[in-house]
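Q: Contents of upload_13.txt (compact mmCIF, C-alpha atoms):
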# COMPACT_ATOMS: atom_id res chain seq x y z
CA MET A 1 -5.00 -7.78 8.87
CA THR A 2 -7.78 -7.82 6.29
CA ALA A 3 -7.74 -10.48 3.57
CA GLN A 4 -9.35 -10.00 0.16
CA HIS A 5 -11.11 -12.08 -2.47
CA GLN A 6 -8.89 -13.26 -5.30
CA SER A 7 -10.14 -13.85 -8.84
CA PRO A 8 -9.25 -17.28 -10.25
CA LEU A 9 -5.98 -17.12 -12.15
CA ALA A 10 -3.51 -19.61 -13.54
CA ARG A 11 -1.57 -21.19 -10.69
CA PHE A 12 1.88 -22.77 -10.80
CA THR A 13 3.25 -25.06 -8.10
CA GLY A 14 6.16 -27.43 -7.74
CA ASP A 15 9.65 -27.61 -9.12
CA ALA A 16 10.60 -26.90 -12.69
CA ASN A 17 12.94 -29.29 -14.45
CA PRO A 18 16.67 -28.73 -13.91
CA TYR A 19 18.23 -26.52 -16.55
CA GLY A 20 19.18 -28.76 -19.46
CA GLY A 21 20.82 -26.25 -21.78
CA GLY A 22 19.54 -24.03 -24.57
CA ASP A 23 17.02 -21.24 -24.03
CA PRO A 24 16.39 -21.09 -20.25
CA TYR A 25 12.98 -19.52 -20.87
CA ALA A 26 11.78 -22.38 -23.09
CA ASP A 27 10.07 -24.08 -20.12
CA HIS A 28 9.23 -20.92 -18.12
CA ARG A 29 5.63 -21.07 -16.95
CA SER A 30 3.54 -17.94 -17.39
CA ALA A 31 0.06 -16.69 -18.26
CA ASP A 32 -1.72 -13.58 -19.50
CA PHE A 33 -2.89 -11.81 -16.36
CA PRO A 34 -5.73 -9.28 -16.88
CA PHE A 35 -4.36 -6.72 -14.42
CA THR A 36 -1.18 -6.09 -16.44
CA GLN A 37 -3.12 -3.41 -18.33
CA TYR A 38 -2.38 -1.16 -15.34
CA ALA A 39 0.90 0.63 -14.70
CA ASN A 40 3.67 -1.04 -12.68
CA LEU A 41 3.69 0.92 -9.41
CA ALA A 42 6.97 -0.79 -8.46
CA ASP A 43 8.81 0.73 -11.40
CA ARG A 44 12.23 2.17 -10.54
CA GLN A 45 11.59 4.92 -13.09
CA LEU A 46 8.67 6.08 -10.94
CA GLY A 47 10.89 6.06 -7.84
CA ALA A 48 10.23 2.59 -6.41
CA GLY A 49 12.86 0.84 -4.34
CA VAL A 50 13.50 -2.23 -2.20
CA ILE A 51 14.48 -0.44 0.98
CA ALA A 52 15.24 -3.40 3.27
CA ALA A 53 15.37 -7.19 3.49
CA ASN A 54 16.15 -9.48 6.40
CA ASP A 55 18.51 -11.61 4.26
CA GLU A 56 20.08 -11.36 0.78
CA PHE A 57 22.94 -13.80 1.16
CA PHE A 58 23.02 -15.20 -2.39
CA ALA A 59 21.47 -12.40 -4.46
CA GLN A 60 20.65 -8.81 -3.65
CA ARG A 61 17.15 -7.49 -3.07
CA GLU A 62 17.43 -4.65 -5.61
CA ASN A 63 17.25 -7.19 -8.45
CA LEU A 64 13.53 -7.59 -7.74
CA LEU A 65 12.65 -4.33 -9.50
CA LEU A 66 15.00 -4.42 -12.49
CA PRO A 67 12.93 -3.59 -15.60
CA GLU A 68 14.29 -6.27 -17.88
CA ARG A 69 13.48 -9.95 -17.49
CA ALA A 70 15.84 -12.01 -15.34
CA GLU A 71 18.85 -13.56 -17.08
CA PHE A 72 20.53 -16.89 -16.36
CA ASP A 73 24.21 -17.74 -16.76
CA PRO A 74 24.87 -21.38 -15.81
CA GLU A 75 28.61 -20.71 -15.43
CA HIS A 76 28.29 -17.66 -13.16
CA PHE A 77 29.47 -18.53 -9.65
CA GLY A 78 30.95 -16.41 -6.87
CA HIS A 79 32.58 -17.12 -3.53
CA LYS A 80 29.12 -17.62 -1.94
CA GLY A 81 27.86 -19.95 -4.65
CA LYS A 82 25.65 -19.64 -7.72
CA ILE A 83 24.96 -16.01 -8.64
CA MET A 84 21.31 -15.48 -9.51
CA ASP A 85 19.55 -12.50 -11.11
CA GLY A 86 17.00 -12.01 -8.37
CA TRP A 87 16.65 -11.86 -4.58
CA GLU A 88 17.81 -15.07 -2.90
CA THR A 89 18.21 -15.85 0.80
CA ARG A 90 20.21 -18.59 2.51
CA ARG A 91 18.65 -21.91 3.50
CA ARG A 92 16.90 -21.79 6.86
CA ARG A 93 17.62 -24.42 9.48
CA GLY A 94 15.87 -25.63 12.60
CA ALA A 95 16.88 -25.17 16.20
CA SER A 96 18.60 -28.52 16.82
CA ALA A 97 19.68 -31.86 15.39
CA GLU A 98 16.39 -33.29 16.62
CA HIS A 99 14.45 -30.52 14.81
CA PRO A 100 16.60 -29.51 11.79
CA TRP A 101 13.69 -28.13 9.79
CA PRO A 102 12.49 -24.51 9.84
CA THR A 103 9.23 -23.86 11.67
CA ALA A 104 5.96 -23.04 9.94
CA ASP A 105 6.38 -19.38 10.91
CA ASP A 106 9.94 -18.97 9.59
CA HIS A 107 10.11 -16.69 6.56
CA ASP A 108 12.20 -14.03 4.84
CA TRP A 109 10.91 -10.57 3.91
CA ALA A 110 11.65 -7.51 1.81
CA LEU A 111 10.17 -4.02 2.14
CA VAL A 112 9.25 -2.30 -1.14
CA ARG A 113 8.45 1.40 -1.51
CA LEU A 114 6.09 1.93 -4.42
CA GLY A 115 7.18 4.50 -6.98
CA ALA A 116 3.80 6.20 -6.67
CA PRO A 117 1.10 5.53 -4.05
CA GLY A 118 -1.95 3.84 -5.48
CA VAL A 119 -4.56 1.09 -5.50
CA VAL A 120 -3.01 -2.29 -6.29
CA ARG A 121 -4.92 -4.42 -8.81
CA GLY A 122 -2.50 -7.30 -9.25
CA ILE A 123 0.92 -8.66 -8.31
CA VAL A 124 3.32 -10.90 -10.21
CA ILE A 125 6.02 -12.78 -8.30
CA ASP A 126 8.29 -14.31 -10.92
CA THR A 127 10.61 -17.12 -9.85
CA ALA A 128 12.36 -17.29 -13.24
CA HIS A 129 15.46 -19.56 -13.10
CA PHE A 130 14.76 -20.50 -9.48
CA ARG A 131 13.96 -24.12 -10.28
CA GLY A 132 14.77 -25.96 -7.06
CA ASN A 133 15.53 -22.99 -4.82
CA TYR A 134 12.29 -20.98 -5.00
CA PRO A 135 10.13 -20.36 -1.89
CA GLN A 136 7.53 -22.96 -0.97
CA ALA A 137 4.98 -20.18 -0.57
CA VAL A 138 4.73 -16.38 -0.68
CA SER A 139 2.55 -13.73 0.92
CA VAL A 140 2.28 -9.98 0.37
CA GLU A 141 1.05 -7.21 2.65
CA GLY A 142 0.47 -3.52 1.99
CA ALA A 143 0.54 -0.40 4.17
CA SER A 144 -0.07 3.32 3.78
CA VAL A 145 2.51 5.36 5.62
CA PRO A 146 2.96 9.09 4.91
CA GLY A 147 6.27 10.78 4.27
CA SER A 148 9.50 8.86 3.74
CA PRO A 149 9.55 6.27 6.54
CA SER A 150 12.66 4.28 7.42
CA PRO A 151 12.60 0.48 7.53
CA GLU A 152 12.48 0.66 11.33
CA GLU A 153 9.42 2.92 11.20
CA LEU A 154 7.66 0.59 8.74
CA LEU A 155 8.32 -2.41 10.99
CA ALA A 156 6.97 -0.66 14.10
CA ASP A 157 4.04 -2.24 15.90
CA ASP A 158 1.69 0.68 15.17
CA VAL A 159 1.84 0.25 11.36
CA LYS A 160 -1.27 -1.46 9.99
CA TRP A 161 -0.51 -4.03 7.29
CA THR A 162 -3.30 -5.37 5.05
CA THR A 163 -2.99 -8.81 3.47
CA PHE A 164 -2.98 -8.58 -0.33
CA VAL A 165 -1.82 -12.12 -1.05
CA PRO A 166 -2.36 -14.69 1.73
CA ARG A 167 0.24 -17.38 2.17
CA THR A 168 0.05 -19.26 -1.14
CA ALA A 169 2.11 -22.04 -2.66
CA VAL A 170 4.03 -21.01 -5.79
CA GLY A 171 5.96 -22.75 -8.51
CA GLY A 172 9.59 -22.62 -9.50
CA HIS A 173 10.65 -20.96 -12.77
CA ALA A 174 7.19 -19.43 -13.12
CA ALA A 175 5.41 -16.07 -13.22
CA ASN A 176 3.02 -16.40 -10.28
CA GLY A 177 0.16 -13.89 -10.61
CA PHE A 178 -2.30 -12.73 -7.96
CA ALA A 179 -5.32 -10.49 -8.48
CA VAL A 180 -5.87 -7.99 -5.65
CA ASP A 181 -9.22 -6.55 -4.62
CA VAL A 182 -8.43 -4.04 -1.89
CA GLU A 183 -9.72 -0.49 -2.35
CA GLN A 184 -6.98 1.19 -0.34
CA ARG A 185 -4.23 3.65 -1.20
CA ILE A 186 -0.91 1.92 -0.55
CA THR A 187 2.62 3.31 -0.26
CA HIS A 188 4.65 0.22 0.74
CA LEU A 189 4.57 -3.57 0.38
CA ARG A 190 6.07 -6.33 2.48
CA VAL A 191 6.92 -9.36 0.36
CA ASN A 192 7.39 -12.59 2.31
CA GLN A 193 8.82 -15.90 1.14
CA HIS A 194 8.16 -19.00 3.25
CA PRO A 195 10.49 -20.29 4.53
CA ASP A 196 13.32 -19.07 2.26
CA GLY A 197 14.51 -19.16 -1.35
CA GLY A 198 14.62 -16.87 -4.33
CA ILE A 199 12.37 -14.53 -6.33
CA ALA A 200 13.59 -13.09 -9.62
CA ARG A 201 11.21 -10.18 -10.27
CA LEU A 202 8.33 -8.35 -8.60
CA ARG A 203 5.70 -6.39 -10.53
CA VAL A 204 2.91 -4.45 -8.80
CA TYR A 205 0.14 -3.33 -11.14
CA GLY A 206 -2.36 -0.66 -10.16
CA GLU A 207 -3.71 2.86 -10.39
CA VAL A 208 -1.81 5.88 -9.07
CA VAL A 209 -3.67 7.90 -6.43
CA PRO A 210 -1.83 11.22 -6.02
CA ASP A 211 -1.84 13.51 -3.00
CA PRO A 212 -4.35 16.33 -3.72
CA GLN A 213 -2.53 18.71 -1.39
CA TRP A 214 0.72 18.24 -3.29
CA LEU A 215 -0.92 18.88 -6.65
CA SER A 216 -2.70 21.94 -5.25
CA VAL A 217 0.59 23.44 -4.13
CA LEU A 218 2.16 22.74 -7.53
CA GLY A 219 -0.63 24.66 -9.27
CA THR A 220 0.33 24.00 -12.88
CA PHE A 221 1.58 20.45 -13.54
CA ASP A 222 1.41 17.63 -16.08
CA VAL A 223 -2.20 16.45 -15.75
CA VAL A 224 -1.62 13.23 -17.74
CA ALA A 225 1.65 12.12 -16.07
CA LEU A 226 1.58 8.64 -14.58
CA GLU A 227 3.10 9.85 -11.31
CA ASN A 228 0.30 12.44 -10.97
CA GLY A 229 -2.49 9.94 -11.56
CA GLY A 230 -2.92 9.96 -15.34
CA GLN A 231 -3.30 6.65 -17.15
CA VAL A 232 -3.52 5.11 -20.60
CA GLU A 233 -6.98 3.76 -21.41
CA ASP A 234 -6.31 2.25 -24.82
CA ALA A 235 -4.08 2.43 -27.87
CA SER A 236 -4.35 1.36 -31.49
CA ASN A 237 -1.10 -0.61 -31.56
CA LEU A 238 1.42 -1.88 -28.99
CA PHE A 239 3.67 -3.90 -31.26
CA TYR A 240 7.06 -2.58 -30.14
CA SER A 241 6.47 -0.90 -26.78
CA PRO A 242 3.72 -0.02 -24.27
CA ALA A 243 1.78 3.22 -24.57
CA THR A 244 2.26 3.84 -20.84
CA ASN A 245 5.88 4.78 -21.64
CA THR A 246 4.60 8.10 -23.01
CA ILE A 247 3.56 9.31 -19.54
CA GLN A 248 6.54 7.98 -17.56
CA PRO A 249 8.74 10.46 -15.66
CA GLY A 250 11.70 12.12 -17.36
CA ARG A 251 12.81 12.04 -20.95
CA SER A 252 13.16 8.81 -22.88
CA ARG A 253 16.60 7.23 -22.52
CA LYS A 254 16.52 4.92 -25.55
CA MET A 255 14.26 3.99 -28.43
CA ASP A 256 12.16 1.37 -26.63
CA ASP A 257 11.56 3.78 -23.73
CA GLY A 258 8.82 5.41 -25.81
CA TRP A 259 5.85 4.19 -27.84
CA GLU A 260 6.40 2.77 -31.33
CA THR A 261 3.89 1.06 -33.60
CA ARG A 262 4.40 -1.42 -36.43
CA ARG A 263 4.61 -0.08 -40.00
CA ARG A 264 1.19 0.51 -41.52
CA ARG A 265 0.38 -0.69 -45.02
CA ASP A 266 -3.04 0.97 -45.18
CA GLN A 267 -4.49 4.49 -45.10
CA GLY A 268 -5.15 4.50 -41.34
CA HIS A 269 -3.31 6.04 -38.40
CA ASP A 270 -2.39 5.21 -34.79
CA TRP A 271 -3.52 6.74 -31.51
CA ILE A 272 -3.43 6.60 -27.70
CA ARG A 273 -6.34 7.55 -25.44
CA TYR A 274 -5.66 8.82 -21.90
CA GLN A 275 -7.57 9.53 -18.71
CA LEU A 276 -6.36 12.65 -16.93
CA VAL A 277 -5.77 12.74 -13.18
CA ALA A 278 -9.11 14.60 -12.86
CA ARG A 279 -11.05 17.30 -14.72
CA SER A 280 -8.41 19.83 -15.74
CA GLU A 281 -7.67 22.99 -17.71
CA ILE A 282 -4.90 22.27 -20.24
CA ARG A 283 -2.78 25.24 -21.33
CA ALA A 284 0.32 23.77 -22.97
CA ILE A 285 1.44 20.57 -24.68
CA GLU A 286 4.76 18.81 -25.19
CA ILE A 287 5.25 15.98 -27.69
CA ASP A 288 8.71 14.43 -27.55
CA THR A 289 10.18 12.09 -30.16
CA ALA A 290 13.50 11.52 -28.35
CA TYR A 291 15.50 8.56 -29.76
CA LEU A 292 12.92 8.01 -32.50
CA LYS A 293 15.01 9.05 -35.47
CA GLY A 294 13.96 7.06 -38.53
CA ASN A 295 10.68 5.94 -37.03
CA SER A 296 9.09 8.98 -35.35
CA ALA A 297 5.51 9.91 -36.17
CA GLY A 298 5.26 12.19 -39.21
CA TRP A 299 2.45 14.31 -37.81
CA ALA A 300 0.45 14.44 -34.58
CA SER A 301 -2.74 16.01 -33.25
CA VAL A 302 -4.17 16.21 -29.72
CA SER A 303 -7.86 16.19 -28.79
CA VAL A 304 -9.63 16.59 -25.44
CA ARG A 305 -13.09 15.60 -24.25
CA ASP A 306 -15.00 16.50 -21.09
CA GLY A 307 -16.53 13.35 -19.58
CA VAL A 308 -16.70 9.81 -20.95
CA ASP A 309 -19.56 10.77 -23.27
CA GLY A 310 -18.14 14.16 -24.24
CA GLU A 311 -17.33 15.16 -27.80
CA TRP A 312 -13.68 15.07 -28.87
CA ILE A 313 -12.41 18.62 -29.51
CA GLU A 314 -9.11 19.09 -31.32
CA VAL A 315 -6.86 21.42 -29.34
CA LEU A 316 -3.71 20.85 -31.38
CA PRO A 317 -4.31 20.41 -35.13
CA ARG A 318 -2.32 17.92 -37.16
CA THR A 319 1.24 19.21 -36.87
CA ARG A 320 4.51 18.11 -38.46
CA LEU A 321 6.93 16.42 -36.04
CA GLN A 322 10.69 16.25 -36.26
CA PRO A 323 12.70 13.15 -35.30
CA ASP A 324 14.47 13.06 -31.92
CA THR A 325 12.97 16.44 -30.92
CA ASN A 326 10.89 17.86 -28.07
CA HIS A 327 8.02 19.94 -29.49
CA ARG A 328 6.28 22.58 -27.34
CA PHE A 329 2.90 24.17 -28.03
CA VAL A 330 1.13 26.93 -26.04
CA LEU A 331 -2.65 26.79 -26.51
CA ALA A 332 -4.55 29.95 -27.38
CA GLY A 333 -6.80 29.37 -24.37
CA PRO A 334 -7.33 26.72 -21.69
CA SER A 335 -9.06 23.53 -22.78
CA VAL A 336 -11.19 21.79 -20.14
CA GLY A 337 -11.46 18.01 -20.12
CA THR A 338 -11.16 14.69 -18.37
CA HIS A 339 -9.66 12.67 -21.24
CA ALA A 340 -7.15 13.27 -24.02
CA ARG A 341 -6.14 11.54 -27.23
CA VAL A 342 -3.00 11.85 -29.31
CA ASP A 343 -3.28 10.78 -32.95
CA ILE A 344 -0.12 10.13 -34.97
CA PHE A 345 0.02 9.99 -38.76
CA PRO A 346 0.46 7.56 -40.30
CA ASP A 347 2.43 5.43 -37.83
CA GLY A 348 5.75 5.43 -35.96
CA GLY A 349 5.95 6.71 -32.44
CA ILE A 350 6.43 9.36 -29.81
CA SER A 351 8.44 9.05 -26.61
CA ARG A 352 6.53 11.37 -24.25
CA LEU A 353 3.30 13.40 -24.07
CA ARG A 354 2.98 16.21 -21.54
CA LEU A 355 -0.25 18.14 -20.91
CA PHE A 356 0.42 21.09 -18.63
CA GLY A 357 -2.47 22.65 -16.74
CA SER A 358 -4.31 22.66 -13.43
CA LEU A 359 -7.33 21.02 -11.86
CA THR A 360 -10.74 22.62 -12.09
CA GLU A 361 -12.64 23.13 -8.84
CA GLU A 362 -14.75 20.09 -9.64
CA GLY A 363 -11.68 18.02 -10.51
CA ALA A 364 -9.90 18.99 -7.29
CA ALA A 365 -12.98 18.16 -5.21
CA ARG A 366 -13.41 14.71 -6.77
CA LEU A 367 -9.73 13.91 -6.39
CA ALA A 368 -9.78 14.94 -2.70
CA ALA A 369 -12.89 12.84 -2.08
CA ARG A 370 -11.34 9.72 -3.67
CA HIS A 371 -8.08 10.25 -1.76
CA GLN A 372 -10.00 10.36 1.53
CA GLU A 373 -12.17 7.38 0.60
CA LEU A 374 -9.07 5.26 -0.10
CA GLY A 375 -7.51 6.11 3.26
CA GLY A 376 -4.98 8.66 2.01
Translate this structure into structure tokens?
A:
Amino acid sequence: MTAQHQSPLARFTGDANPYGGGDPYADHRSADFPFTQYANLADRQLGAGVIAANDEFFAQRENLLLPERAEFDPEHFGHKGKIMDGWETRRRRGASAEHPWPTADDHDWALVRLGAPGVVRGIVIDTAHFRGNYPQAVSVEGASVPGSPSPEELLADDVKWTTFVPRTAVGGHAANGFAVDVEQRITHLRVNQHPDGGIARLRVYGEVVPDPQWLSVLGTFDVVALENGGQVEDASNLFYSPATNTIQPGRSRKMDDGWETRRRRDQGHDWIRYQLVARSEIRAIEIDTAYLKGNSAGWASVSVRDGVDGEWIEVLPRTRLQPDTNHRFVLAGPSVGTHARVDIFPDGGISRLRLFGSLTEEGAARLAARHQELGG
């Protein structure tokens, strides 16, 4: 296994105080981690899943990837004991009365399939509400395995696992963040807790690295979609919801599943800037305002530029939008670019942006080269 350098981040160790009533998050320990600007590759909406765990006696493994923050009900007990909103294993024991303690190698594990293969930039292991029953330490490994492997295939001896987070002490009731510096395309993670305990949520931040062969077979596809390798570079305002929502799979399911800005009291406007999967020819555009009824953008325009220093060229002029509606636009001719920007006037939001097109020869070549370089 290959270990990596970790940037210095806030570290939390030791127990939290027992729950004393009131807001359970009042004493939750957290920090602003720089890698959270990237997309969560372990998002269920992208297709991520916890496909196996060696133990989930007190709380099931699937809780790890729930999108909302963990909740705590002090009165919620079941026939096995306290019911927690996370993944919690039973207490490990030693081999005999003379040695009742678990060994240094004893640990529990869960296998996580990322929603989209990619390069991991940071991991958050949140032990929210696990105050005296969190793991003493955690470690995380990553692997790149093609296809749809079973748990047994992932645990086979011939699978190469790379250490992303070496065994590290963590704190209870805390968001424990780890920067990752491994330039490798990853499809699965193995999350270990030493020797046992509970983890509330797992977030895996990184950049999607799509399969060039798959995109080539598709031909025309959404060249800004998160699952295809598109990403948000910046946005003017993130008051109500993240801009990355606009390139998530599927249609929005509720109002906060899109992008909504605060109300402007000036003569400006809001915008999102995107990086496409690679240099592409865009032929059609969709702008969806699903579930944004009294707060959708009034108008929108779309511009494209070719290269980071290219000039922005408007491909969709400022156009009136309707609330809770999917708008479709066929361009008069293909527009070539590497980046796109949607401007909304004056404020409000959109739920999804789709840019349909195909890779240029140069774009396809660069994508294939990066895929190979990252071990795909």
Q: Tell me, in Å to one decimal, how far CA of Thr244 (chain A) is from CA of Gln184 (chain A).
A: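 A separation of 22.6 Å between them.
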Q: My list of candidates is A:Gly229, A:Gly14, A:Gly268, A:Pro135. Which is closest to Gly198 (chain A) when distances are computed with only C-alpha atoms?
A: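 Closest candidate: A:Pro135.
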Q: Could you check which of A:Leu64, A:Ala278, A:Val124, A:Ile350 is closest to Leu215 (chain A), using all atoms listed in the file?
A: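 Between A:Leu64, A:Ala278, A:Val124, A:Ile350, the residue approaching Leu215 (chain A) most closely is A:Ala278.
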Q: Contacts of Trp101 (chain A) at 12 Å or less, counting only C-alpha atoms, minus same-chain residues fewer than 5 places along, as a ChimeraX atom specification?
A: /A:91-96,106,195-196
Q: Nearest to Ala59 (chain A): which of A:Arg201, A:Arg121, A:Leu41, A:Pro212 is it, counting all atoms listed in the file?
A: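 With all atoms listed in the file as the atom set, the closest residue is A:Arg201.
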Q: Selecting N, CA, C and O atoms, how would region 55-78 of chain A from this structure be written as an mmCIF file, in the first residue's frame?
A:
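Final file, part.cif:
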data_model
loop_
_atom_site.group_PDB
_atom_site.id
_atom_site.type_symbol
_atom_site.label_atom_id
_atom_site.label_comp_id
_atom_site.auth_asym_id
_atom_site.auth_seq_id
_atom_site.Cartn_x
_atom_site.Cartn_y
_atom_site.Cartn_z
ATOM 1 N N ASP A 55 -19.795 -5.789 10.163
ATOM 2 C CA ASP A 55 -20.670 -5.760 11.333
ATOM 3 C C ASP A 55 -21.497 -4.484 11.282
ATOM 4 O O ASP A 55 -20.982 -3.413 10.939
ATOM 5 N N GLU A 56 -22.769 -4.565 11.583
ATOM 6 C CA GLU A 56 -23.646 -3.389 11.688
ATOM 7 C C GLU A 56 -24.721 -3.691 12.740
ATOM 8 O O GLU A 56 -25.904 -3.494 12.522
ATOM 9 N N PHE A 57 -24.249 -4.177 13.892
ATOM 10 C CA PHE A 57 -25.142 -4.681 14.916
ATOM 11 C C PHE A 57 -26.092 -3.603 15.442
ATOM 12 O O PHE A 57 -27.296 -3.829 15.567
ATOM 13 N N PHE A 58 -25.587 -2.424 15.743
ATOM 14 C CA PHE A 58 -26.415 -1.386 16.360
ATOM 15 C C PHE A 58 -27.053 -0.438 15.350
ATOM 16 O O PHE A 58 -28.140 0.085 15.599
ATOM 17 N N ALA A 59 -26.363 -0.159 14.243
ATOM 18 C CA ALA A 59 -26.896 0.795 13.261
ATOM 19 C C ALA A 59 -26.360 0.440 11.887
ATOM 20 O O ALA A 59 -25.178 0.123 11.722
ATOM 21 N N GLN A 60 -27.233 0.527 10.886
ATOM 22 C CA GLN A 60 -26.910 -0.020 9.573
ATOM 23 C C GLN A 60 -25.952 0.857 8.777
ATOM 24 O O GLN A 60 -25.936 2.076 8.898
ATOM 25 N N ARG A 61 -25.174 0.197 7.946
ATOM 26 C CA ARG A 61 -24.107 0.838 7.185
ATOM 27 C C ARG A 61 -24.626 1.890 6.204
ATOM 28 O O ARG A 61 -23.940 2.879 5.914
ATOM 29 N N GLU A 62 -25.829 1.690 5.670
ATOM 30 C CA GLU A 62 -26.352 2.611 4.658
ATOM 31 C C GLU A 62 -26.500 4.041 5.173
ATOM 32 O O GLU A 62 -26.522 4.999 4.400
ATOM 33 N N ASN A 63 -26.609 4.201 6.504
ATOM 34 C CA ASN A 63 -26.736 5.544 7.074
ATOM 35 C C ASN A 63 -25.541 6.426 6.751
ATOM 36 O O ASN A 63 -25.658 7.665 6.756
ATOM 37 N N LEU A 64 -24.398 5.829 6.481
ATOM 38 C CA LEU A 64 -23.182 6.597 6.230
ATOM 39 C C LEU A 64 -23.347 7.623 5.112
ATOM 40 O O LEU A 64 -22.759 8.702 5.168
ATOM 41 N N LEU A 65 -24.146 7.288 4.099
ATOM 42 C CA LEU A 65 -24.218 8.135 2.909
ATOM 43 C C LEU A 65 -25.494 8.963 2.828
ATOM 44 O O LEU A 65 -25.733 9.627 1.816
ATOM 45 N N LEU A 66 -26.318 8.956 3.873
ATOM 46 C CA LEU A 66 -27.525 9.775 3.836
ATOM 47 C C LEU A 66 -27.142 11.239 3.635
ATOM 48 O O LEU A 66 -26.183 11.733 4.236
ATOM 49 N N PRO A 67 -27.876 11.972 2.792
ATOM 50 C CA PRO A 67 -27.454 13.344 2.459
ATOM 51 C C PRO A 67 -27.619 14.347 3.583
ATOM 52 O O PRO A 67 -26.835 15.290 3.691
ATOM 53 N N GLU A 68 -28.617 14.151 4.434
ATOM 54 C CA GLU A 68 -28.844 15.114 5.497
ATOM 55 C C GLU A 68 -27.924 14.817 6.686
ATOM 56 O O GLU A 68 -27.389 13.721 6.817
ATOM 57 N N ARG A 69 -27.735 15.806 7.553
ATOM 58 C CA ARG A 69 -26.887 15.583 8.709
ATOM 59 C C ARG A 69 -27.559 14.596 9.668
ATOM 60 O O ARG A 69 -28.785 14.464 9.693
ATOM 61 N N ALA A 70 -26.749 13.912 10.448
ATOM 62 C CA ALA A 70 -27.266 12.894 11.362
ATOM 63 C C ALA A 70 -28.139 13.528 12.440
ATOM 64 O O ALA A 70 -27.841 14.610 12.937
ATOM 65 N N GLU A 71 -29.215 12.836 12.806
ATOM 66 C CA GLU A 71 -30.122 13.314 13.841
ATOM 67 C C GLU A 71 -29.948 12.479 15.112
ATOM 68 O O GLU A 71 -29.467 11.342 15.062
ATOM 69 N N PHE A 72 -30.360 13.047 16.232
ATOM 70 C CA PHE A 72 -30.205 12.348 17.513
ATOM 71 C C PHE A 72 -31.501 12.434 18.312
ATOM 72 O O PHE A 72 -32.029 13.523 18.543
ATOM 73 N N ASP A 73 -32.017 11.269 18.692
ATOM 74 C CA ASP A 73 -33.222 11.188 19.521
ATOM 75 C C ASP A 73 -32.844 10.456 20.807
ATOM 76 O O ASP A 73 -32.638 9.237 20.789
ATOM 77 N N PRO A 74 -32.715 11.158 21.918
ATOM 78 C CA PRO A 74 -32.254 10.515 23.154
ATOM 79 C C PRO A 74 -33.187 9.440 23.673
ATOM 80 O O PRO A 74 -32.773 8.604 24.496
ATOM 81 N N GLU A 75 -34.441 9.431 23.225
ATOM 82 C CA GLU A 75 -35.416 8.450 23.716
ATOM 83 C C GLU A 75 -35.571 7.247 22.785
ATOM 84 O O GLU A 75 -36.378 6.359 23.056
ATOM 85 N N HIS A 76 -34.818 7.217 21.690
ATOM 86 C CA HIS A 76 -35.019 6.188 20.668
ATOM 87 C C HIS A 76 -34.165 4.953 20.973
ATOM 88 O O HIS A 76 -32.947 4.946 20.749
ATOM 89 N N PHE A 77 -34.803 3.925 21.482
ATOM 90 C CA PHE A 77 -34.141 2.654 21.773
ATOM 91 C C PHE A 77 -34.882 1.517 21.093
ATOM 92 O O PHE A 77 -36.091 1.595 20.870
ATOM 93 N N GLY A 78 -34.150 0.471 20.742
ATOM 94 C CA GLY A 78 -34.746 -0.731 20.174
ATOM 95 C C GLY A 78 -34.342 -1.938 20.994
ATOM 96 O O GLY A 78 -33.728 -1.798 22.058
#
